$ cat input.tsv   # TSV, C-alpha atoms
chain	number	residue	atom	x	y	z
A	994	MET	CA	-29.36	-2.19	1.86
A	995	ARG	CA	-29.93	1.06	-0.01
A	996	VAL	CA	-27.12	1.70	-2.52
A	997	SER	CA	-26.23	5.12	-3.90
A	998	GLU	CA	-23.22	6.73	-5.54
A	999	VAL	CA	-21.09	9.75	-4.74
A	1000	ARG	CA	-19.62	11.27	-7.89
A	1001	ASP	CA	-17.87	14.44	-6.73
A	1002	LEU	CA	-15.35	15.52	-4.11
A	1003	ALA	CA	-17.89	17.61	-2.21
A	1004	GLY	CA	-20.05	14.54	-1.68
A	1005	PHE	CA	-17.01	12.50	-0.64
A	1006	ASP	CA	-15.91	15.19	1.81
A	1007	ALA	CA	-19.38	15.17	3.40
A	1008	LEU	CA	-18.91	11.49	4.30
A	1009	GLU	CA	-15.75	11.97	6.40
A	1010	ALA	CA	-17.17	11.37	9.89
A	1011	GLU	CA	-19.37	8.45	8.85
A	1012	TRP	CA	-16.61	6.98	6.70
A	1013	ASN	CA	-14.08	6.92	9.51
A	1014	GLU	CA	-16.61	5.46	11.94
A	1015	LEU	CA	-17.16	2.64	9.45
A	1016	VAL	CA	-13.39	2.09	9.13
A	1017	THR	CA	-13.16	1.84	12.93
A	1018	ARG	CA	-15.99	-0.70	13.07
A	1019	THR	CA	-14.73	-2.90	10.23
A	1020	ASP	CA	-11.00	-2.90	9.40
A	1021	ASP	CA	-9.24	-0.04	11.14
A	1022	GLN	CA	-6.31	0.69	8.83
A	1023	VAL	CA	-4.94	4.12	8.03
A	1024	PHE	CA	-4.96	3.46	4.26
A	1025	TYR	CA	-8.74	3.09	4.37
A	1026	ARG	CA	-9.40	6.29	6.29
A	1027	HIS	CA	-11.06	9.26	4.64
A	1028	GLU	CA	-8.07	11.55	5.25
A	1029	PHE	CA	-5.66	9.22	3.46
A	1030	LEU	CA	-7.96	8.73	0.47
A	1031	ARG	CA	-8.72	12.46	0.28
A	1032	CYS	CA	-4.99	13.18	0.15
A	1033	TRP	CA	-4.53	10.53	-2.54
A	1034	LEU	CA	-7.38	11.96	-4.63
A	1035	ARG	CA	-6.05	15.50	-4.30
A	1036	HIS	CA	-2.74	14.58	-5.90
A	1037	PHE	CA	-3.28	11.50	-8.07
A	1038	ALA	CA	-6.86	11.83	-9.34
A	1039	PRO	CA	-8.02	15.45	-8.89
A	1040	GLU	CA	-10.14	15.23	-12.05
A	1041	GLY	CA	-11.11	11.60	-11.60
A	1042	ARG	CA	-14.64	10.47	-12.50
A	1043	LEU	CA	-15.62	9.27	-9.04
A	1044	ARG	CA	-18.06	6.45	-8.52
A	1045	ILE	CA	-18.02	5.86	-4.79
A	1046	LEU	CA	-20.61	3.24	-3.85
A	1047	THR	CA	-22.26	3.65	-0.45
A	1048	GLY	CA	-24.61	1.29	1.31
A	1049	ARG	CA	-27.01	2.31	4.09
A	1050	ASP	CA	-29.25	0.22	6.31
A	1051	ALA	CA	-32.92	0.81	7.07
A	1052	GLN	CA	-31.98	3.43	9.70
A	1053	GLY	CA	-29.82	5.34	7.22
A	1054	ARG	CA	-26.51	4.26	8.82
A	1055	LEU	CA	-23.51	3.96	6.51
A	1056	VAL	CA	-22.65	0.24	6.57
A	1057	ALA	CA	-20.57	-0.24	3.39
A	1058	VAL	CA	-18.42	1.76	0.95
A	1059	LEU	CA	-16.48	0.88	-2.19
A	1060	PRO	CA	-14.48	3.84	-3.57
A	1061	LEU	CA	-14.08	3.63	-7.36
A	1062	GLN	CA	-13.36	5.79	-10.36
A	1063	ALA	CA	-14.36	5.29	-13.99
A	1064	LYS	CA	-11.52	5.44	-16.49
A	1065	GLN	CA	-10.93	4.54	-20.12
A	1066	GLY	CA	-7.99	2.24	-20.75
A	1067	LYS	CA	-6.61	-0.59	-22.84
A	1068	GLN	CA	-6.11	-4.30	-22.28
A	1069	TYR	CA	-3.78	-6.03	-24.74
A	1070	GLY	CA	-4.53	-3.29	-27.28
A	1071	MET	CA	-8.32	-3.46	-26.84
A	1072	PRO	CA	-10.12	-0.36	-25.52
A	1073	VAL	CA	-11.73	-1.07	-22.18
A	1074	ARG	CA	-14.14	0.85	-19.94
A	1075	GLN	CA	-12.86	0.37	-16.41
A	1076	LEU	CA	-14.13	0.83	-12.87
A	1077	LEU	CA	-10.96	1.08	-10.79
A	1078	SER	CA	-10.17	1.15	-7.09
A	1079	LEU	CA	-8.69	4.44	-5.89
A	1080	THR	CA	-5.19	3.02	-5.87
A	1081	ASN	CA	-1.70	3.20	-7.30
A	1082	LYS	CA	1.76	2.21	-6.03
A	1083	HIS	CA	1.51	4.80	-3.25
A	1084	SER	CA	-1.82	3.69	-1.75
A	1085	CYS	CA	-0.32	0.46	-0.33
A	1086	ARG	CA	-3.56	-1.52	0.13
A	1087	PHE	CA	-7.27	-1.35	-0.59
A	1088	ASP	CA	-10.46	-3.12	0.41
A	1089	LEU	CA	-14.23	-3.05	0.47
A	1090	LEU	CA	-15.37	-1.60	3.80
A	1091	ALA	CA	-18.49	-3.37	5.04
A	1092	GLU	CA	-20.08	-4.56	8.24
A	1093	ASP	CA	-21.45	-7.52	6.26
A	1094	PRO	CA	-19.16	-8.05	3.23
A	1095	ARG	CA	-21.35	-10.67	1.56
A	1096	ARG	CA	-24.47	-8.55	1.82
A	1097	ALA	CA	-22.58	-5.47	0.61
A	1098	GLY	CA	-21.00	-7.38	-2.27
A	1099	THR	CA	-24.40	-8.64	-3.41
A	1100	ALA	CA	-25.98	-5.18	-3.23
A	1101	PHE	CA	-23.07	-3.35	-4.89
A	1102	LEU	CA	-22.74	-5.85	-7.73
A	1103	ALA	CA	-26.49	-5.79	-8.40
A	1104	HIS	CA	-26.29	-1.99	-8.55
A	1105	LEU	CA	-23.36	-2.02	-10.98
A	1106	LEU	CA	-24.91	-4.61	-13.28
A	1107	LYS	CA	-27.81	-2.25	-13.96
A	1108	ASP	CA	-25.27	0.07	-15.62
A	1109	ALA	CA	-23.84	-1.03	-18.99
A	1110	SER	CA	-21.14	1.69	-19.10
A	1111	TRP	CA	-18.28	-0.53	-17.85
A	1112	ASP	CA	-16.48	-3.67	-19.03
A	1113	VAL	CA	-14.29	-4.57	-16.06
A	1114	LEU	CA	-14.20	-3.83	-12.33
A	1115	ARG	CA	-10.61	-3.95	-11.06
A	1116	LEU	CA	-9.64	-3.72	-7.39
A	1117	ALA	CA	-5.88	-3.50	-6.76
A	1118	ASP	CA	-3.80	-4.64	-3.79
A	1119	VAL	CA	-6.55	-6.26	-1.73
A	1120	PRO	CA	-4.99	-8.15	1.20
A	1121	GLU	CA	-5.63	-11.89	1.18
A	1122	GLY	CA	-8.87	-12.60	3.01
A	1123	GLY	CA	-10.07	-9.00	2.63
A	1124	SER	CA	-13.75	-8.13	2.43
A	1125	ALA	CA	-13.53	-7.50	-1.33
A	1126	PHE	CA	-13.17	-11.24	-1.86
A	1127	ALA	CA	-16.85	-11.47	-0.89
A	1128	LEU	CA	-17.61	-9.31	-3.93
A	1129	LEU	CA	-15.61	-11.73	-6.08
A	1130	ALA	CA	-17.52	-14.69	-4.60
A	1131	VAL	CA	-20.84	-13.06	-5.49
A	1132	ALA	CA	-19.60	-12.46	-9.05
A	1133	ARG	CA	-18.66	-16.13	-9.41
A	1134	ARG	CA	-22.00	-17.21	-8.01
A	1135	VAL	CA	-23.94	-15.23	-10.62
A	1136	GLY	CA	-21.70	-16.46	-13.45
A	1137	LEU	CA	-19.59	-13.40	-14.23
A	1138	PRO	CA	-16.10	-13.96	-15.71
A	1139	CYS	CA	-13.69	-13.09	-12.91
A	1140	GLY	CA	-10.32	-13.93	-11.43
A	1141	THR	CA	-7.37	-12.77	-9.34
A	1142	TRP	CA	-3.69	-12.02	-9.85
A	1143	GLN	CA	-1.32	-11.95	-6.92
A	1144	SER	CA	0.42	-8.59	-6.61
A	1145	ALA	CA	2.59	-7.72	-3.61
A	1146	ARG	CA	3.78	-10.09	-0.89
A	1147	SER	CA	4.43	-7.59	1.89
A	1148	PRO	CA	6.77	-8.72	4.67
A	1149	TYR	CA	5.70	-7.92	8.22
A	1150	THR	CA	6.68	-8.97	11.72
A	1151	VAL	CA	4.81	-9.09	15.01
A	1152	LEU	CA	6.89	-7.37	17.67
A	1153	PRO	CA	7.39	-8.81	21.16
A	1154	GLU	CA	6.76	-6.85	24.34
A	1155	THR	CA	10.39	-6.15	25.17
A	1156	VAL	CA	13.60	-5.34	23.32
A	1157	GLU	CA	15.32	-8.14	25.24
A	1158	ALA	CA	12.84	-10.70	23.90
A	1159	TRP	CA	13.34	-9.39	20.37
A	1160	GLN	CA	17.13	-9.61	20.72
A	1161	ARG	CA	16.82	-13.22	21.91
A	1162	GLU	CA	14.69	-14.01	18.85
A	1163	ARG	CA	17.27	-12.39	16.58
A	1164	GLY	CA	20.14	-14.37	18.09
A	1165	ARG	CA	23.15	-14.56	15.80
A	1166	LYS	CA	21.46	-12.43	13.14
A	1167	SER	CA	22.39	-9.37	15.21
A	1168	LYS	CA	26.16	-9.92	15.01
A	1169	PRO	CA	26.75	-8.53	11.49
A	1170	LEU	CA	24.84	-5.35	12.34
A	1171	ARG	CA	26.78	-4.87	15.54
A	1172	ARG	CA	30.02	-5.04	13.55
A	1173	ARG	CA	28.68	-2.55	11.02
A	1174	ARG	CA	27.56	-0.20	13.75
A	1175	ARG	CA	31.02	-0.26	15.34
A	1176	ARG	CA	32.58	0.55	11.97
A	1177	LEU	CA	30.19	3.45	11.53
A	1178	GLU	CA	30.82	4.74	15.07
A	1179	GLU	CA	34.52	4.94	14.24
A	1180	ARG	CA	33.56	7.82	11.93
A	1181	GLY	CA	31.59	9.78	14.51
A	1182	ARG	CA	28.57	9.87	16.81
A	1183	VAL	CA	25.64	7.75	15.57
A	1184	THR	CA	22.10	8.62	16.66
A	1185	LEU	CA	18.53	7.71	15.73
A	1186	GLU	CA	16.00	10.53	15.41
A	1187	ARG	CA	12.23	10.14	15.35
A	1188	MET	CA	10.07	13.04	14.19
A	1189	THR	CA	6.29	13.25	14.44
A	1190	GLY	CA	5.84	16.86	13.30
A	1191	GLY	CA	6.85	20.33	14.42
A	1192	GLU	CA	8.63	23.33	12.97
A	1193	ARG	CA	11.45	21.32	11.37
A	1194	LEU	CA	9.17	18.89	9.55
A	1195	ALA	CA	9.64	20.47	6.11
A	1196	GLU	CA	13.41	20.50	6.60
A	1197	ARG	CA	13.52	16.83	7.60
A	1198	LEU	CA	11.25	15.84	4.71
A	1199	ALA	CA	13.47	17.63	2.21
A	1200	GLU	CA	16.51	15.94	3.72
A	1201	GLY	CA	14.85	12.51	3.54
A	1202	PHE	CA	13.57	12.96	-0.01
A	1203	ALA	CA	17.07	13.97	-1.11
A	1204	LEU	CA	18.49	10.80	0.44
A	1205	GLU	CA	15.86	8.67	-1.27
A	1206	ARG	CA	16.75	10.27	-4.60
A	1207	SER	CA	20.48	9.75	-4.19
A	1208	GLY	CA	20.56	6.06	-5.07
A	1209	TRP	CA	19.11	3.42	-7.38
A	1210	LYS	CA	15.58	4.86	-7.19
A	1211	ALA	CA	16.76	7.94	-9.07
A	1212	GLU	CA	18.20	5.72	-11.81
A	1213	ARG	CA	14.81	4.04	-12.21
A	1214	GLY	CA	12.89	7.31	-11.97
A	1215	THR	CA	10.87	6.15	-8.95
A	1216	ALA	CA	12.18	8.54	-6.28
A	1217	ILE	CA	9.57	10.75	-4.62
A	1218	ALA	CA	11.29	14.00	-5.61
A	1219	GLN	CA	11.38	13.03	-9.30
A	1220	SER	CA	7.63	13.55	-9.68
A	1221	ALA	CA	5.76	16.71	-8.74
A	1222	ARG	CA	2.68	14.64	-7.88
A	1223	ARG	CA	4.58	12.18	-5.70
A	1224	LEU	CA	6.42	14.98	-3.91
A	1225	ALA	CA	3.18	16.88	-3.25
A	1226	PHE	CA	1.39	13.74	-2.06
A	1227	TYR	CA	4.03	12.66	0.46
A	1228	SER	CA	4.53	16.23	1.71
A	1229	ASP	CA	0.78	16.74	2.12
A	1230	LEU	CA	0.33	13.32	3.74
A	1231	ALA	CA	3.07	14.16	6.25
A	1232	ASP	CA	1.19	17.32	7.26
A	1233	VAL	CA	-2.11	15.43	7.55
A	1234	ALA	CA	-0.49	12.61	9.52
A	1235	ALA	CA	1.38	14.99	11.82
A	1236	LYS	CA	-1.87	16.75	12.77
A	1237	ALA	CA	-3.60	13.40	13.37
A	1238	GLY	CA	-0.68	11.97	15.39
A	1239	TRP	CA	0.21	9.24	12.86
A	1240	LEU	CA	3.49	10.50	11.44
A	1241	GLY	CA	6.71	8.64	12.18
A	1242	LEU	CA	9.80	9.84	10.31
A	1243	TYR	CA	13.08	8.23	11.34
A	1244	SER	CA	16.62	9.20	10.39
A	1245	LEU	CA	19.96	7.63	11.21
A	1246	ARG	CA	22.48	10.41	11.73
A	1247	LEU	CA	26.26	10.46	11.70
A	1248	GLY	CA	27.00	13.59	13.63
A	1249	LYS	CA	24.56	16.12	12.15
A	1250	GLN	CA	24.37	14.35	8.78
A	1251	ALA	CA	21.42	12.08	7.91
A	1252	ILE	CA	22.65	8.90	6.21
A	1253	ALA	CA	19.39	6.89	6.21
A	1254	PHE	CA	15.72	7.82	6.26
A	1255	GLN	CA	12.38	6.08	6.76
A	1256	TYR	CA	9.07	7.73	5.90
A	1257	GLY	CA	6.29	5.95	7.74
A	1258	LEU	CA	3.00	6.14	9.56
A	1259	GLU	CA	2.13	4.76	12.97
A	1260	TYR	CA	-1.48	3.75	13.40
A	1261	GLY	CA	-3.43	1.21	15.41
A	1262	GLY	CA	-0.35	-0.29	17.03
A	1263	ARG	CA	1.43	-0.77	13.69
A	1264	TYR	CA	4.40	0.99	12.20
A	1265	LEU	CA	3.90	1.21	8.43
A	1266	ALA	CA	7.20	1.65	6.62
A	1267	MET	CA	6.26	3.42	3.39
A	1268	LYS	CA	9.45	4.87	1.87
A	1269	PRO	CA	13.08	4.18	2.85
A	1270	GLY	CA	16.26	5.80	1.57
A	1271	TYR	CA	19.94	5.89	2.43
A	1272	ASP	CA	23.21	7.47	1.41
A	1273	GLU	CA	24.92	4.93	-0.84
A	1274	ARG	CA	28.33	6.32	0.06
A	1275	PHE	CA	27.87	4.42	3.36
A	1276	ALA	CA	26.52	1.24	1.75
A	1277	GLU	CA	29.28	-0.95	3.20
A	1278	VAL	CA	27.91	-0.43	6.73
A	1279	GLY	CA	24.25	-0.93	5.78
A	1280	PRO	CA	22.79	2.35	7.11
A	1281	GLY	CA	19.26	1.37	6.09
A	1282	GLN	CA	19.43	-1.84	8.11
A	1283	LEU	CA	20.99	-0.05	11.08
A	1284	LEU	CA	18.12	2.42	10.97
A	1285	THR	CA	15.56	-0.40	10.84
A	1286	GLU	CA	17.17	-2.06	13.85
A	1287	GLY	CA	16.93	1.15	15.86
A	1288	LEU	CA	13.39	1.79	14.60
A	1289	ILE	CA	12.24	-1.65	15.76
A	1290	GLN	CA	13.74	-1.17	19.20
A	1291	ASP	CA	12.13	2.27	19.50
A	1292	CYS	CA	8.74	0.88	18.42
A	1293	ILE	CA	8.91	-1.97	20.93
A	1294	GLY	CA	9.79	0.49	23.67
A	1295	ARG	CA	6.65	2.51	22.86
A	1296	GLY	CA	4.33	-0.51	22.70
A	1297	VAL	CA	3.99	-0.85	18.90
A	1298	THR	CA	3.00	-4.45	18.12
A	1299	GLU	CA	3.73	-4.82	14.38
A	1300	LEU	CA	6.20	-3.60	11.79
A	1301	ASP	CA	4.61	-3.66	8.33
A	1302	LEU	CA	7.26	-3.27	5.61
A	1303	LEU	CA	4.61	-2.84	2.90
A	1304	GLY	CA	5.25	-3.09	-0.84
A	1305	ASP	CA	6.66	-6.23	-2.39
A	1306	ASP	CA	9.04	-8.81	-1.01
A	1307	ALA	CA	12.76	-7.97	-1.07
A	1308	PRO	CA	15.93	-9.46	0.45
A	1309	PHE	CA	16.57	-6.44	2.69
A	1310	LYS	CA	13.08	-6.85	4.17
A	1311	ARG	CA	13.57	-10.56	4.75
A	1312	GLU	CA	16.44	-9.67	7.08
A	1313	TRP	CA	13.71	-8.96	9.65
A	1314	THR	CA	10.98	-11.53	9.05
A	1315	ASP	CA	9.92	-14.67	7.22
A	1316	THR	CA	6.24	-13.69	7.26
A	1317	VAL	CA	4.48	-12.05	4.32
A	1318	ARG	CA	0.98	-10.67	3.74
A	1319	PRO	CA	-0.13	-11.52	0.17
A	1320	HIS	CA	-2.15	-8.96	-1.80
A	1321	HIS	CA	-4.19	-9.52	-4.93
A	1322	TRP	CA	-5.76	-7.74	-7.86
A	1323	LEU	CA	-9.40	-8.71	-8.32
A	1324	PHE	CA	-11.00	-8.62	-11.78
A	1325	ILE	CA	-14.74	-8.87	-12.50
A	1326	TYR	CA	-15.89	-8.65	-16.14
A	1327	ARG	CA	-19.36	-8.08	-17.51
A	1328	ASN	CA	-20.93	-11.21	-18.97
A	1329	SER	CA	-20.94	-9.68	-22.44
A	1330	LEU	CA	-19.12	-10.52	-25.67
A	1331	ARG	CA	-16.49	-7.86	-24.91
A	1332	GLY	CA	-16.24	-8.82	-21.24
A	1333	ARG	CA	-15.79	-12.53	-21.98
A	1334	ALA	CA	-13.16	-11.77	-24.63
A	1335	MET	CA	-11.19	-9.61	-22.19
A	1336	TYR	CA	-11.43	-12.25	-19.49
A	1337	ARG	CA	-10.08	-14.93	-21.83
A	1338	ALA	CA	-7.24	-12.65	-22.92
A	1339	LYS	CA	-6.27	-11.90	-19.31
A	1340	PHE	CA	-6.65	-15.32	-17.71
A	1341	ARG	CA	-6.22	-17.81	-20.57
A	1342	TRP	CA	-4.29	-16.49	-23.55
A	1343	ALA	CA	-1.78	-14.30	-21.68
A	1344	PRO	CA	-0.73	-17.03	-19.17
A	1345	VAL	CA	-0.29	-19.53	-22.04
A	1346	ALA	CA	1.83	-17.03	-23.97
A	1347	ARG	CA	4.02	-16.39	-20.90
A	1348	ARG	CA	4.57	-20.13	-20.39
A	1349	MET	CA	5.51	-20.60	-24.04
A	1350	VAL	CA	7.99	-17.71	-23.92
A	1351	GLY	CA	9.43	-19.09	-20.68
A	1352	LYS	CA	10.00	-22.51	-22.25
A	1353	TRP	CA	11.64	-20.92	-25.28
A	1354	VAL	CA	13.98	-18.85	-23.08
A	1355	ARG	CA	14.97	-21.91	-21.00
A	1356	ARG	CA	15.72	-23.93	-24.13
A	1357	ARG	CA	18.09	-21.23	-25.36
$ encode --input "input.tsv" --output "structure tokens"
Amino acid sequence: MRVSEVRDLAGFDALEAEWNELVTRTDDQVFYRHEFLRCWLRHFAPEGRLRILTGRDAQGRLVAVLPLQAKQGKQYGMPVRQLLSLTNKHSCRFDLLAEDPRRAGTAFLAHLLKDASWDVLRLADVPEGGSAFALLAVARRVGLPCGTWQSARSPYTVLPETVEAWQRERGRKSKPLRRRRRRLEERGRVTLERMTGGERLAERLAEGFALERSGWKAERGTAIAQSARRLAFYSDLADVAAKAGWLGLYSLRLGKQAIAFQYGLEYGGRYLAMKPGYDERFAEVGPGQLLTEGLIQDCIGRGVTELDLLGDDAPFKREWTDTVRPHHWLFIYRNSLRGRAMYRAKFRWAPVARRMVGKWVRRR
């Protein structure tokens, strides 16, 4: 495998067709597609120092990619030179894309070890069993300090072929929602709207972002509209997804008023629920859960086979499933004095300190 690096956006843009063909052949998820990553880069790392590893076979075919950026940082107060996956809380999941993950991991790691400009390689939110674990296995085999931390446990549910089958599976769990829906219908006409694009897209996005900002997310400062970068990313992604046929915005409406909102993408038979929001003035009837119920029924009716609730586990997500998809952060350190010290701090000293603090808190 011939390994090379792409270090600018022009070079990344030139890979679009080959990149997406590789995604289709390996792990066809929207978060790995070139369009999604390009949108992420445009808004979250426009000046990032790209180090996108590419692997080609003897015929020059693109057979592996690992998109990274170099960034200075700190670990427990120590300066650290990092190679990071192109990820943050809004990228959902990440992985090495490779026809042969073990071969790609061996070639990419050998390439990186020739370069002494980094201390740690960190890949965030890799799904359990993802191809990037092959890279970790190679690192262990050659004696590099490395390890994993579990990050999100994302609930998901496989959808049956018919709404009737789904309702039978739900059984008595449906009764509380039926009562809430009746209480809401006493206030007016309740409808579910699905939008995939069109002239009113900007209006519906603004409406949804306002709903998302109206509750606890605003108090924590995590609402989309509270950050110019977040707002630009989700608006831009909606335009990209609408053109590609992936967009799926849902709103639960009381009369003409939206009282719950779900920003999501639909790709490869999955509905990917990225950002929910609801009007907390209607909290007693659970508008977010009523919207999810209608969304599931709509997805089943159109042949969607999975609802992926993304992010971390939460009680409102467990209303719909007992199944989770674990994700992990993968850490590989250079086998140097600095690298070994950082590994020990991350995987030995910090866990011991947390256990000691935990025991002290329990004793109090």
$ residues_around --input "input.tsv" --residues "Arg1206 in chain A" --least-positions-apart "2" --cutoff "12 Å" --atoms "all atoms listed in the file" --output "ChimeraX atom specification"
/A:1199-1204,1208-1220,1224,1253-1254,1268-1273
$ atom_distance --input "input.tsv" --atom1 "CA of Asp1050 in chain A" --atom2 "CA of Cys1032 in chain A"
28.2 Å
$ closest_residue --input "input.tsv" --among "A:Phe1024, A:Ser1329, A:Leu1114, A:Ala1158" --to "Met1267 in chain A" --atoms "all atoms listed in the file"
A:Phe1024
$ atom_distance --input "input.tsv" --atom1 "CA of Gly1140 in chain A" --atom2 "CA of Phe1340 in chain A"
7.4 Å
$ atom_distance --input "input.tsv" --atom1 "CA of Lys1168 in chain A" --atom2 "CA of Pro1153 in chain A"
19.8 Å
$ closest_atom_pairs --input "input.tsv" --of "range 1133-1242 of chain A" --to "range 1290-1312 of chain A" --cutoff "6 Å" --atoms "all atoms listed in the file" --output "CSV"
residue,atom,partner,partner_atom,distance
A:Ala1145,CA,A:Asp1305,CA,4.5
A:Arg1146,CA,A:Asp1305,CA,5.0
A:Ser1147,CA,A:Leu1303,CA,4.9
A:Pro1148,CA,A:Leu1302,CA,5.6
A:Tyr1149,CA,A:Asp1301,CA,4.4
A:Thr1150,CA,A:Leu1300,CA,5.4
A:Val1151,CA,A:Glu1299,CA,4.4
A:Leu1152,CA,A:Thr1298,CA,4.9
A:Val1156,CA,A:Gln1290,CA,5.9
$ closest_residue --input "input.tsv" --among "A:Ala1234, A:Met994, A:Val1317, A:Ala1132" --to "Glu1028 in chain A" --atoms "all atoms listed in the file"
A:Ala1234
$ closest_residue --input "input.tsv" --among "A:Ala1195, A:Val1016, A:Leu1008, A:Ile1289" --to "Glu1154 in chain A" --atoms "all atoms listed in the file"
A:Ile1289
$ residues_around --input "input.tsv" --residues "Ser1144 in chain A" --least-positions-apart "6" --cutoff "7 Å" --atoms "only C-alpha atoms" --output "PyMOL selection string"
chain A and resi 1118+1320-1322
$ closest_residue --input "input.tsv" --among "A:Glu1259, A:Asp1112, A:Glu1196, A:Glu1179" --to "Asn1328 in chain A" --atoms "only C-alpha atoms"
A:Asp1112
$ residues_near_point --input "input.tsv" --point "(-15.0, -5.6, -4.9)" --cutoff "7 Å" --atoms "only C-alpha atoms" --output "mmCIF file with C-alpha atoms, in the coordinates of the input"
data_model
loop_
_atom_site.group_PDB
_atom_site.id
_atom_site.type_symbol
_atom_site.label_atom_id
_atom_site.label_comp_id
_atom_site.auth_asym_id
_atom_site.auth_seq_id
_atom_site.Cartn_x
_atom_site.Cartn_y
_atom_site.Cartn_z
ATOM 1 C CA LEU A 1089 -14.230 -3.050 0.470
ATOM 2 C CA GLY A 1098 -21.000 -7.380 -2.270
ATOM 3 C CA LEU A 1116 -9.640 -3.720 -7.390
ATOM 4 C CA ALA A 1125 -13.530 -7.500 -1.330
ATOM 5 C CA PHE A 1126 -13.170 -11.240 -1.860
ATOM 6 C CA LEU A 1128 -17.610 -9.310 -3.930
ATOM 7 C CA LEU A 1129 -15.610 -11.730 -6.080
#
$ closest_residue --input "input.tsv" --among "A:Leu1283, A:Leu1247, A:Ala1266, A:Leu1002" --to "Cys1085 in chain A" --atoms "only C-alpha atoms"
A:Ala1266
$ residues_near_point --input "input.tsv" --point "(-11.4, -14.0, -10.0)" --cutoff "8 Å" --atoms "only C-alpha atoms" --output "PyMOL selection string"
chain A and resi 1129+1133+1138-1142+1323-1325
$ residues_around --input "input.tsv" --residues "range 1061-1071 of chain A" --least-positions-apart "5" --cutoff "7 Å" --atoms "all atoms listed in the file" --output "short mmCIF file (atom, residue, chain, number, x, y, z; two decimals) with C-alpha atoms, in the frame of the given file"
data_model
loop_
_atom_site.label_atom_id
_atom_site.label_comp_id
_atom_site.auth_asym_id
_atom_site.auth_seq_id
_atom_site.Cartn_x
_atom_site.Cartn_y
_atom_site.Cartn_z
CA GLY A 1041 -11.11 11.60 -11.60
CA ARG A 1042 -14.64 10.47 -12.50
CA LEU A 1043 -15.62 9.27 -9.04
CA ARG A 1044 -18.06 6.45 -8.52
CA ILE A 1045 -18.02 5.86 -4.79
CA LEU A 1076 -14.13 0.83 -12.87
CA LEU A 1077 -10.96 1.08 -10.79
CA SER A 1078 -10.17 1.15 -7.09
CA LEU A 1079 -8.69 4.44 -5.89
#
$ closest_residue --input "input.tsv" --among "A:Tyr1256, A:Phe1275, A:Tyr1243, A:Trp1111" --to "Leu1177 in chain A" --atoms "all atoms listed in the file"
A:Phe1275
$ residues_around --input "input.tsv" --residues "Leu1055 in chain A" --least-positions-apart "5" --cutoff "8 Å" --atoms "only C-alpha atoms" --output "mmCIF file with C-alpha atoms, in the coordinates of the input"
data_model
loop_
_atom_site.group_PDB
_atom_site.id
_atom_site.type_symbol
_atom_site.label_atom_id
_atom_site.label_comp_id
_atom_site.auth_asym_id
_atom_site.auth_seq_id
_atom_site.Cartn_x
_atom_site.Cartn_y
_atom_site.Cartn_z
ATOM 1 C CA GLU A 1011 -19.370 8.450 8.850
ATOM 2 C CA TRP A 1012 -16.610 6.980 6.700
ATOM 3 C CA LEU A 1015 -17.160 2.640 9.450
ATOM 4 C CA THR A 1047 -22.260 3.650 -0.450
ATOM 5 C CA GLY A 1048 -24.610 1.290 1.310
ATOM 6 C CA ARG A 1049 -27.010 2.310 4.090
ATOM 7 C CA ASP A 1050 -29.250 0.220 6.310
#
